[in-house]
Structure formats: C-alpha cells, structure tokens
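Undergrad: Okay, so here is model.txt, and as you'll see once you scroll down, it has compact mmCIF, N, CA and C atoms.
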```
# COMPACT_ATOMS: atom_id res chain seq x y z
N MET W 1 80.58 49.03 66.86
CA MET W 1 79.41 49.04 67.71
C MET W 1 78.39 50.02 67.12
N ALA W 2 77.18 49.55 66.92
CA ALA W 2 76.13 50.38 66.36
C ALA W 2 75.45 51.18 67.47
N PHE W 3 75.13 52.43 67.15
CA PHE W 3 74.40 53.28 68.08
C PHE W 3 73.66 54.33 67.27
N ASN W 4 72.72 54.99 67.92
CA ASN W 4 71.95 56.03 67.27
C ASN W 4 72.65 57.37 67.48
N ARG W 5 73.14 57.96 66.41
CA ARG W 5 73.94 59.19 66.51
C ARG W 5 73.16 60.38 67.08
N PRO W 6 71.91 60.68 66.64
CA PRO W 6 71.20 61.82 67.23
C PRO W 6 70.97 61.66 68.74
N LEU W 7 70.62 60.46 69.17
CA LEU W 7 70.43 60.23 70.61
C LEU W 7 71.75 60.38 71.36
N ALA W 8 72.82 59.85 70.79
CA ALA W 8 74.12 59.93 71.45
C ALA W 8 74.58 61.38 71.58
N LEU W 9 74.43 62.17 70.53
CA LEU W 9 74.82 63.58 70.60
C LEU W 9 73.93 64.36 71.56
N GLY W 10 72.63 64.07 71.54
CA GLY W 10 71.72 64.74 72.47
C GLY W 10 72.04 64.40 73.91
N GLY W 11 72.33 63.13 74.19
CA GLY W 11 72.68 62.72 75.54
C GLY W 11 74.02 63.26 76.00
N LEU W 12 75.00 63.25 75.10
CA LEU W 12 76.33 63.75 75.46
C LEU W 12 76.31 65.25 75.75
N THR W 13 75.63 66.01 74.91
CA THR W 13 75.56 67.45 75.17
C THR W 13 74.75 67.75 76.43
N LEU W 14 73.71 66.97 76.69
CA LEU W 14 72.93 67.14 77.92
C LEU W 14 73.79 66.83 79.13
N PHE W 15 74.60 65.77 79.06
CA PHE W 15 75.49 65.41 80.16
C PHE W 15 76.50 66.54 80.42
N PHE W 16 77.13 67.06 79.36
CA PHE W 16 78.11 68.13 79.54
C PHE W 16 77.45 69.43 80.01
N PHE W 17 76.22 69.68 79.58
CA PHE W 17 75.47 70.83 80.09
C PHE W 17 75.28 70.69 81.60
N GLY W 18 74.98 69.48 82.05
CA GLY W 18 74.84 69.22 83.48
C GLY W 18 76.13 69.45 84.24
N LEU W 19 77.26 69.07 83.64
CA LEU W 19 78.54 69.32 84.30
C LEU W 19 78.81 70.81 84.45
N ILE W 20 78.47 71.57 83.42
CA ILE W 20 78.65 73.03 83.48
C ILE W 20 77.74 73.62 84.56
N LEU W 21 76.51 73.13 84.65
CA LEU W 21 75.60 73.61 85.70
C LEU W 21 76.15 73.30 87.09
N GLY W 22 76.90 72.22 87.22
CA GLY W 22 77.51 71.88 88.50
C GLY W 22 78.48 72.95 88.99
N PHE W 23 79.15 73.64 88.08
CA PHE W 23 80.04 74.72 88.47
C PHE W 23 79.27 75.97 88.89
N ILE W 24 78.02 76.10 88.41
CA ILE W 24 77.22 77.29 88.69
C ILE W 24 76.46 77.17 90.00
N VAL W 25 76.23 75.96 90.49
CA VAL W 25 75.40 75.72 91.68
C VAL W 25 75.83 76.58 92.87
N PRO W 26 77.11 76.70 93.20
CA PRO W 26 77.48 77.50 94.38
C PRO W 26 77.14 78.99 94.27
N ALA W 27 76.93 79.49 93.07
CA ALA W 27 76.62 80.91 92.88
C ALA W 27 75.18 81.26 93.25
N TYR W 28 74.33 80.27 93.44
CA TYR W 28 72.93 80.51 93.73
C TYR W 28 72.68 80.43 95.23
N ALA W 29 71.92 81.40 95.75
CA ALA W 29 71.63 81.44 97.19
C ALA W 29 70.83 80.23 97.64
N PRO W 30 69.61 80.01 97.13
CA PRO W 30 69.01 78.70 97.43
C PRO W 30 69.53 77.69 96.40
N HIS W 31 70.39 76.79 96.85
CA HIS W 31 71.08 75.87 95.96
C HIS W 31 70.19 74.79 95.38
N HIS W 32 69.08 74.47 96.02
CA HIS W 32 68.34 73.27 95.64
C HIS W 32 67.75 73.33 94.23
N GLY W 33 67.36 74.48 93.73
CA GLY W 33 66.81 74.58 92.38
C GLY W 33 67.84 74.28 91.31
N MET W 34 69.00 74.92 91.41
CA MET W 34 70.04 74.69 90.41
C MET W 34 70.70 73.33 90.60
N LEU W 35 70.77 72.85 91.84
CA LEU W 35 71.29 71.50 92.07
C LEU W 35 70.38 70.46 91.41
N SER W 36 69.07 70.70 91.48
CA SER W 36 68.12 69.81 90.82
C SER W 36 68.33 69.83 89.31
N ALA W 37 68.55 71.01 88.74
CA ALA W 37 68.79 71.12 87.29
C ALA W 37 70.09 70.40 86.91
N HIS W 38 71.11 70.56 87.73
CA HIS W 38 72.40 69.91 87.48
C HIS W 38 72.26 68.39 87.51
N LEU W 39 71.62 67.87 88.54
CA LEU W 39 71.47 66.42 88.67
C LEU W 39 70.59 65.84 87.57
N ASN W 40 69.53 66.55 87.21
CA ASN W 40 68.66 66.08 86.14
C ASN W 40 69.42 65.98 84.82
N ALA W 41 70.23 66.99 84.51
CA ALA W 41 70.96 66.99 83.25
C ALA W 41 71.98 65.86 83.20
N VAL W 42 72.70 65.64 84.28
CA VAL W 42 73.71 64.59 84.30
C VAL W 42 73.04 63.21 84.21
N GLN W 43 71.98 63.01 84.97
CA GLN W 43 71.32 61.71 84.98
C GLN W 43 70.59 61.41 83.68
N THR W 44 69.82 62.36 83.18
CA THR W 44 69.10 62.10 81.93
C THR W 44 70.04 62.04 80.74
N GLY W 45 71.13 62.81 80.78
CA GLY W 45 72.13 62.71 79.72
C GLY W 45 72.74 61.32 79.66
N THR W 46 73.03 60.76 80.83
CA THR W 46 73.55 59.40 80.89
C THR W 46 72.52 58.40 80.38
N PHE W 47 71.26 58.58 80.77
CA PHE W 47 70.20 57.69 80.31
C PHE W 47 70.06 57.73 78.79
N VAL W 48 70.09 58.92 78.21
CA VAL W 48 69.92 59.05 76.76
C VAL W 48 71.13 58.45 76.04
N LEU W 49 72.33 58.57 76.61
CA LEU W 49 73.51 57.93 76.02
C LEU W 49 73.37 56.41 76.01
N VAL W 50 72.92 55.84 77.12
CA VAL W 50 72.72 54.39 77.18
C VAL W 50 71.61 53.97 76.21
N LEU W 51 70.55 54.77 76.14
CA LEU W 51 69.47 54.48 75.21
C LEU W 51 69.97 54.49 73.77
N ALA W 52 70.91 55.36 73.45
CA ALA W 52 71.48 55.41 72.10
C ALA W 52 72.20 54.11 71.75
N LEU W 53 72.79 53.46 72.75
CA LEU W 53 73.46 52.19 72.49
C LEU W 53 72.47 51.07 72.22
N PHE W 54 71.34 51.08 72.90
CA PHE W 54 70.34 50.03 72.73
C PHE W 54 69.37 50.31 71.59
N TRP W 55 69.34 51.51 71.09
CA TRP W 55 68.35 51.93 70.08
C TRP W 55 68.33 51.05 68.84
N PRO W 56 69.50 50.70 68.26
CA PRO W 56 69.47 49.86 67.06
C PRO W 56 68.89 48.46 67.31
N LYS W 57 68.90 48.00 68.53
CA LYS W 57 68.36 46.68 68.84
C LYS W 57 66.85 46.70 69.08
N LEU W 58 66.27 47.89 69.24
CA LEU W 58 64.83 47.98 69.47
C LEU W 58 64.07 47.83 68.15
N PRO W 59 62.98 47.09 68.15
CA PRO W 59 62.22 46.88 66.91
C PRO W 59 61.27 48.06 66.64
N LEU W 60 61.84 49.19 66.22
CA LEU W 60 61.03 50.39 66.01
C LEU W 60 60.63 50.59 64.55
N GLY W 61 61.30 49.92 63.65
CA GLY W 61 60.93 50.01 62.24
C GLY W 61 61.10 51.41 61.66
N ARG W 62 60.07 51.85 60.91
CA ARG W 62 60.11 53.15 60.23
C ARG W 62 60.09 54.31 61.22
N MET W 63 59.62 54.07 62.44
CA MET W 63 59.48 55.16 63.40
C MET W 63 60.79 55.47 64.13
N ALA W 64 61.84 54.71 63.91
CA ALA W 64 63.08 54.86 64.68
C ALA W 64 63.69 56.25 64.54
N GLY W 65 63.70 56.80 63.33
CA GLY W 65 64.34 58.10 63.11
C GLY W 65 63.67 59.24 63.83
N TRP W 66 62.39 59.44 63.57
CA TRP W 66 61.72 60.58 64.20
C TRP W 66 61.49 60.35 65.68
N LEU W 67 61.38 59.10 66.11
CA LEU W 67 61.20 58.81 67.53
C LEU W 67 62.48 59.10 68.30
N ALA W 68 63.64 58.89 67.68
CA ALA W 68 64.91 59.24 68.33
C ALA W 68 65.00 60.74 68.53
N HIS W 69 64.64 61.51 67.52
CA HIS W 69 64.67 62.97 67.64
C HIS W 69 63.67 63.46 68.68
N LEU W 70 62.48 62.88 68.68
CA LEU W 70 61.47 63.24 69.68
C LEU W 70 61.95 62.95 71.09
N THR W 71 62.64 61.83 71.26
CA THR W 71 63.11 61.44 72.59
C THR W 71 64.16 62.40 73.12
N TRP W 72 65.22 62.66 72.35
CA TRP W 72 66.26 63.55 72.89
C TRP W 72 65.76 64.98 73.02
N ALA W 73 64.89 65.41 72.10
CA ALA W 73 64.36 66.78 72.19
C ALA W 73 63.47 66.95 73.41
N SER W 74 62.68 65.93 73.75
CA SER W 74 61.82 66.05 74.92
C SER W 74 62.64 66.12 76.20
N PHE W 75 63.74 65.37 76.28
CA PHE W 75 64.59 65.45 77.46
C PHE W 75 65.28 66.81 77.55
N TRP W 76 65.68 67.36 76.40
CA TRP W 76 66.30 68.69 76.40
C TRP W 76 65.30 69.77 76.80
N LEU W 77 64.09 69.68 76.29
CA LEU W 77 63.08 70.68 76.66
C LEU W 77 62.76 70.63 78.15
N LEU W 78 62.72 69.43 78.71
CA LEU W 78 62.52 69.31 80.15
C LEU W 78 63.67 69.96 80.91
N GLN W 79 64.88 69.75 80.44
CA GLN W 79 66.04 70.35 81.11
C GLN W 79 66.00 71.86 81.03
N ILE W 80 65.61 72.40 79.91
CA ILE W 80 65.51 73.86 79.78
C ILE W 80 64.45 74.39 80.74
N GLY W 81 63.32 73.68 80.86
CA GLY W 81 62.29 74.10 81.80
C GLY W 81 62.76 74.08 83.24
N ILE W 82 63.49 73.03 83.63
CA ILE W 82 64.00 72.94 85.00
C ILE W 82 65.02 74.03 85.26
N THR W 83 65.89 74.29 84.30
CA THR W 83 66.91 75.33 84.47
C THR W 83 66.27 76.71 84.56
N LEU W 84 65.28 76.98 83.73
CA LEU W 84 64.58 78.27 83.81
C LEU W 84 63.82 78.41 85.13
N ALA W 85 63.24 77.34 85.62
CA ALA W 85 62.55 77.39 86.90
C ALA W 85 63.52 77.68 88.04
N ALA W 86 64.71 77.11 87.98
CA ALA W 86 65.73 77.38 89.00
C ALA W 86 66.19 78.83 88.92
N GLN W 87 66.32 79.36 87.72
CA GLN W 87 66.71 80.76 87.56
C GLN W 87 65.60 81.70 88.03
N ALA W 88 64.36 81.37 87.73
CA ALA W 88 63.23 82.21 88.15
C ALA W 88 63.06 82.21 89.66
N GLN W 89 63.53 81.16 90.31
CA GLN W 89 63.42 81.06 91.76
C GLN W 89 64.32 82.06 92.47
N VAL W 90 65.47 82.37 91.90
CA VAL W 90 66.42 83.26 92.57
C VAL W 90 66.47 84.66 92.00
N SER W 91 65.98 84.86 90.81
CA SER W 91 66.07 86.17 90.16
C SER W 91 64.79 86.97 90.37
N PRO W 92 64.89 88.15 91.00
CA PRO W 92 63.68 88.95 91.20
C PRO W 92 63.09 89.46 89.88
N ASP W 93 63.92 89.61 88.84
CA ASP W 93 63.43 90.06 87.55
C ASP W 93 62.53 89.02 86.88
N LEU W 94 62.75 87.75 87.18
CA LEU W 94 61.99 86.68 86.56
C LEU W 94 60.89 86.12 87.46
N ALA W 95 60.67 86.76 88.60
CA ALA W 95 59.67 86.24 89.55
C ALA W 95 58.27 86.19 88.93
N GLY W 96 57.95 87.13 88.06
CA GLY W 96 56.64 87.14 87.41
C GLY W 96 56.47 86.02 86.41
N LEU W 97 57.57 85.49 85.92
CA LEU W 97 57.52 84.42 84.94
C LEU W 97 57.47 83.03 85.58
N LYS W 98 57.56 82.98 86.91
CA LYS W 98 57.63 81.68 87.57
C LYS W 98 56.44 80.78 87.26
N PRO W 99 55.17 81.28 87.28
CA PRO W 99 54.06 80.37 86.92
C PRO W 99 54.15 79.87 85.48
N ALA W 100 54.57 80.73 84.56
CA ALA W 100 54.69 80.31 83.16
C ALA W 100 55.80 79.27 83.00
N VAL W 101 56.91 79.48 83.70
CA VAL W 101 58.03 78.53 83.62
C VAL W 101 57.62 77.19 84.21
N LEU W 102 56.88 77.21 85.31
CA LEU W 102 56.42 75.96 85.91
C LEU W 102 55.44 75.24 84.97
N GLY W 103 54.64 76.00 84.24
CA GLY W 103 53.74 75.40 83.26
C GLY W 103 54.51 74.75 82.12
N ILE W 104 55.55 75.43 81.65
CA ILE W 104 56.40 74.87 80.60
C ILE W 104 57.07 73.60 81.10
N GLU W 105 57.54 73.63 82.34
CA GLU W 105 58.18 72.46 82.92
C GLU W 105 57.20 71.28 83.00
N ALA W 106 55.96 71.56 83.36
CA ALA W 106 54.96 70.49 83.44
C ALA W 106 54.66 69.91 82.06
N ILE W 107 54.54 70.77 81.05
CA ILE W 107 54.29 70.29 79.69
C ILE W 107 55.47 69.47 79.18
N CYS W 108 56.68 69.90 79.48
CA CYS W 108 57.86 69.14 79.06
C CYS W 108 57.95 67.80 79.77
N SER W 109 57.54 67.75 81.03
CA SER W 109 57.50 66.47 81.75
C SER W 109 56.53 65.51 81.07
N LEU W 110 55.41 66.05 80.65
CA LEU W 110 54.43 65.24 79.92
C LEU W 110 55.01 64.76 78.60
N GLY W 111 55.78 65.62 77.92
CA GLY W 111 56.42 65.23 76.66
C GLY W 111 57.41 64.09 76.83
N VAL W 112 58.21 64.14 77.91
CA VAL W 112 59.16 63.04 78.18
C VAL W 112 58.40 61.76 78.46
N THR W 113 57.32 61.87 79.24
CA THR W 113 56.52 60.69 79.55
C THR W 113 55.91 60.09 78.29
N LEU W 114 55.37 60.94 77.43
CA LEU W 114 54.76 60.44 76.19
C LEU W 114 55.79 59.83 75.25
N ALA W 115 56.96 60.44 75.13
CA ALA W 115 58.00 59.89 74.25
C ALA W 115 58.46 58.52 74.76
N THR W 116 58.67 58.41 76.06
CA THR W 116 59.08 57.14 76.64
C THR W 116 57.99 56.09 76.49
N ALA W 117 56.75 56.49 76.72
CA ALA W 117 55.63 55.55 76.57
C ALA W 117 55.47 55.10 75.12
N LEU W 118 55.72 55.99 74.18
CA LEU W 118 55.62 55.62 72.76
C LEU W 118 56.68 54.60 72.38
N VAL W 119 57.90 54.77 72.89
CA VAL W 119 58.95 53.79 72.63
C VAL W 119 58.57 52.44 73.22
N LEU W 120 58.12 52.43 74.48
CA LEU W 120 57.73 51.17 75.12
C LEU W 120 56.55 50.52 74.41
N TRP W 121 55.57 51.32 74.02
CA TRP W 121 54.39 50.78 73.32
C TRP W 121 54.79 50.13 72.00
N THR W 122 55.69 50.78 71.26
CA THR W 122 56.13 50.25 69.98
C THR W 122 56.87 48.92 70.16
N VAL W 123 57.74 48.86 71.15
CA VAL W 123 58.48 47.62 71.40
C VAL W 123 57.53 46.51 71.84
N LEU W 124 56.63 46.81 72.76
CA LEU W 124 55.69 45.79 73.23
C LEU W 124 54.75 45.33 72.12
N ARG W 125 54.30 46.26 71.30
CA ARG W 125 53.42 45.90 70.20
C ARG W 125 54.12 44.97 69.22
N HIS W 126 55.36 45.25 68.93
CA HIS W 126 56.13 44.39 68.03
C HIS W 126 56.33 43.01 68.65
N ARG W 127 56.64 42.99 69.92
CA ARG W 127 56.88 41.71 70.59
C ARG W 127 55.62 40.85 70.61
N LEU W 128 54.49 41.47 70.88
CA LEU W 128 53.24 40.71 70.94
C LEU W 128 52.77 40.28 69.54
N SER W 129 53.00 41.10 68.54
CA SER W 129 52.54 40.75 67.20
C SER W 129 53.45 39.75 66.50
N SER W 130 54.72 39.70 66.90
CA SER W 130 55.65 38.79 66.23
C SER W 130 55.63 37.39 66.83
N GLY W 131 54.93 37.21 67.92
CA GLY W 131 54.86 35.89 68.54
C GLY W 131 56.05 35.56 69.40
N ASP W 132 56.86 36.58 69.74
CA ASP W 132 58.01 36.33 70.61
C ASP W 132 57.56 35.99 72.03
N ALA W 133 56.42 36.51 72.39
CA ALA W 133 55.94 36.27 73.75
C ALA W 133 55.46 34.83 73.86
N GLN W 134 56.06 34.08 74.72
CA GLN W 134 55.69 32.69 74.92
C GLN W 134 54.64 32.60 76.00
N PRO W 135 53.59 31.81 75.76
CA PRO W 135 52.58 31.65 76.82
C PRO W 135 53.17 30.87 77.98
N ARG W 136 52.76 31.26 79.16
CA ARG W 136 53.24 30.57 80.36
C ARG W 136 52.45 29.30 80.59
N PRO W 137 53.13 28.24 81.01
CA PRO W 137 52.41 26.99 81.25
C PRO W 137 51.57 27.05 82.52
```
How would this structure read if it were set down as structure tokens?

TA:
Amino acid sequence: MAFNRPLALGGLTLFFFGLILGFIVPAYAPHHGMLSAHLNAVQTGTFVLVLALFWPKLPLGRMAGWLAHLTWASFWLLQIGITLAAQAQVSPDLAGLKPAVLGIEAICSLGVTLATALVLWTVLRHRLSSGDAQPRP
C-alpha cells in the first residue's frame, strides 16, 4: 500500500501527542483549554494519517513533496499554538504572553487553511485542465 511517509509520520506523532495531552487534562483547573488541545491533536492527527493514505492518488505532480511537508507542519504549528494558549490560560507566569500566543494561534489557523486550500486548488485545477470533468446534460 502506497502512502506519503512525511505525512504519515507527522500525523502519527500528532495523534500520540494528543494521547499524551489526554493524560495531562485532569491536572489543569479549567479543563476546557487543554481538553481542546487534546481533542485537536487526536482529530487532526487522524486526519493527517488518512490524508497520507490518499496522497499518492492526488494529482499534485512536482508540488507533492513540499506540499506534504507544508501540510503536516501547518497542522503541527496549529497544535503548538493551541497547547501554548491552554498553558497561558492557567499559568500566571504566562498571562502576559496570552495575546501573543493567541496571535500565533490565529496565524497558524490561517496556515492550515492555506495549505488545505492549496491542495484542493491543485487537485481541482488538474481535474479541470485534464478534461476529467464531464459537462452535465
């Protein structure tokens, strides 16, 4: 079975990072921040693993290599931002960094959106240019 190794490793480590965060959730007084980080890591790790299985079937051409790295890295950066935001929420030492962490989280969310949009745009562009799209009667 063919799959994309960088995406698979990025998704698998993200999934296991989420499992580890699940053990830490009870240690936090307001649970919702770290619970959000835990759920995001498990869900996006699973998504990236599934994406790694479908990656070889996508018509990405020369862009497949760097686009795979961009995709898993953007999901990891988003996870780091969410985890830091959860930590800044409960730690009085990091309270001053909360606006900066939220800004990083917003930029990382934009990065995930752009990476996903770039993959979709590339696939749609290939489909439309290759004539695979059949006109509807």

Undergrad: Distance cut-off 6 Å, centre (67.2, 55.5, 71.6) in file coordinates, counting only N, CA and C atoms: which residues qualify? Return them as a VMD selection string.

TA: chain W and resid 7 51 to 52 54 to 55 68

Undergrad: With all atoms listed in the file as the counted atoms, please give the residues lying no more than 8 Å from Leu21 in chain W, apart from itself and same-chain residues fewer than 5 positions off, as a list in words.

TA: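 In the requested form, the answer reads Phe15, Phe16, Pro26, Met34, Leu35, Ala37, His38 and Leu39 of chain W.
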
Undergrad: Could you state the separation of atom N of Leu49 in chain W and atom N of Gly11 in chain W in Å, given to one decimal place?

TA: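 So the two atoms, atom N of Leu49 in chain W and atom N of Gly11 in chain W, lie 5.2 Å apart.
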
Undergrad: What does the structure give for the distance between CA of Ser91 in chain W and CA of Gly18 in chain W, in Å to one decimal?

TA: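 These atoms are spaced 20.2 Å apart.
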
Undergrad: Separation of atom C of Ile80 in chain W and CA of Val101 in chain W, in Å?

TA: 8.2 Å

Undergrad: Hey, which of W:Ala29, W:Ala8, W:Leu58, W:Val50 ends up closest to Val123 in chain W? Count only N, CA and C atoms.

TA: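 Smallest distance to Val123 in chain W is found for W:Leu58.
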
Undergrad: Would you list the contacts of Glu105 in chain W as JSON, numbers by chain, taking every protein, DNA or RNA residue within 6.5 Å and counting only N, CA and C atoms, but skipping same-chain residues closer than 5 positions in sequence?

TA: {"W": [78, 81, 82, 100, 110]}
